[in-house]
Amino acid sequence: MSAVIKTPTPFIIKSVLIAALEEIEAEPIVVTEQVLITYKHQGGLQLGDILTNRTDYYGPQHFRLSKERWILRHDSSEMNGRITTLSATSKRYKKVGDFLQLVGKTYEKAYQEYLELLAEQERIRLENERKARVERTRVETIKKAKAQGYSVKEARKGSQIQLVLTRTV
Amino acid sequence: MPEQKIVITIGEEGEISAKTNGFKGESCLEALNDLLDLEGTVTSLKTTDEFRQKQTVSLTRTQENKRS
């Protein structure tokens with residue numbers, strides 16, 4: 001006997017989850033003190049929860065961080081599942097499973113973009129570090145040379161800096 | 001009056017190569033050390049054919065990439 005199982009994509013990174021929810025037009029809202037005044041849920045909302053535009057019997061379906069994963073909290077019966085946001089009234093209600101599958105697929109795409117962003121940020125950081133290192137060496141060398149009585153001529157040779165120091169003794 | 005000359009090349013990664021001319025004996029190394037704090041950073045040192053006569057030396061220093 002054999003079996004194939006599939007586990008849902010773990011939603012770990014908040015910004016990636018929000019990007020994914022925005023992509024699928026789930027209109028994510030991060031719960032703040034102000035949001036708590038407007039939105040109610042029979043099971044209670046917490047600061048930091050991420051609301052979606054999907055609602056069920058208990059109120060807006062939302063993600064909550066639990067054990068380092070964002071978990072969708074929803075009415076398991078889906079008896080009263082509906083979308084209340086006016087902009088989404090024309091959309092058909094998706095079952096929770098289908099919705100999570102869509103979020104998962106979009107999350108994975110957003111995660112790849114997130115990794116690319118991190119790589120780009122790291123590349124920029126290293127490049128800035130390199131430029132700063134070269135500039136620091138240049139400035140310190142010129143400063144010391146002048147203090148020791150050298151006259152300094154500076155020239156650029158491609159990506160290299162050439163300092164010609166001369167003094168008479 | 002005799003002239004002392006040092007040509008320093010700073011590479012794109014911050015590494016340094018330097019060539020001196022007009023120094024007596026090992027004073028060229030002292031002069032470079034005063035300028036570049038060479039201790040422990042020199043990866044190669046090459047004395048030229050004229051080292052003993054004209055006290056000329058060239059060296060290369062590799063910049064350590066330190067991450068904070």
# chains A, B, ... in the order shown; residues from 1 in each chain; ligands from 1
call {"tool": "interface_residues", "arguments": {"of": "chain A", "to": "chain B", "cutoff": "8 Å", "atoms": "only C-alpha atoms", "output": "PyMOL selection string"}}
result
chain A and resi 130-131+133-134+137-138+141+144-145+159-169
call {"tool": "residues_around", "arguments": {"residues": "stretch 24-38 of chain A", "least_positions_apart": "2", "cutoff": "9 Å", "atoms": "only C-alpha atoms", "output": "count of residues only"}}
result
21
call {"tool": "select_by_dssp", "arguments": {"residues": "stretch 4-150 of chain A", "states": "helix (DSSP H, G or I)", "output": "ChimeraX atom specification"}}
result
/A:14-23,33-38,86-88,96-147
call {"tool": "atom_distance", "arguments": {"atom1": "atom CA of A:Gly59", "atom2": "atom CA of A:Lys109"}}
result
28.7 Å
call {"tool": "atom_distance", "arguments": {"atom1": "atom CA of A:Lys153", "atom2": "atom CA of A:Glu127"}}
result
26.2 Å
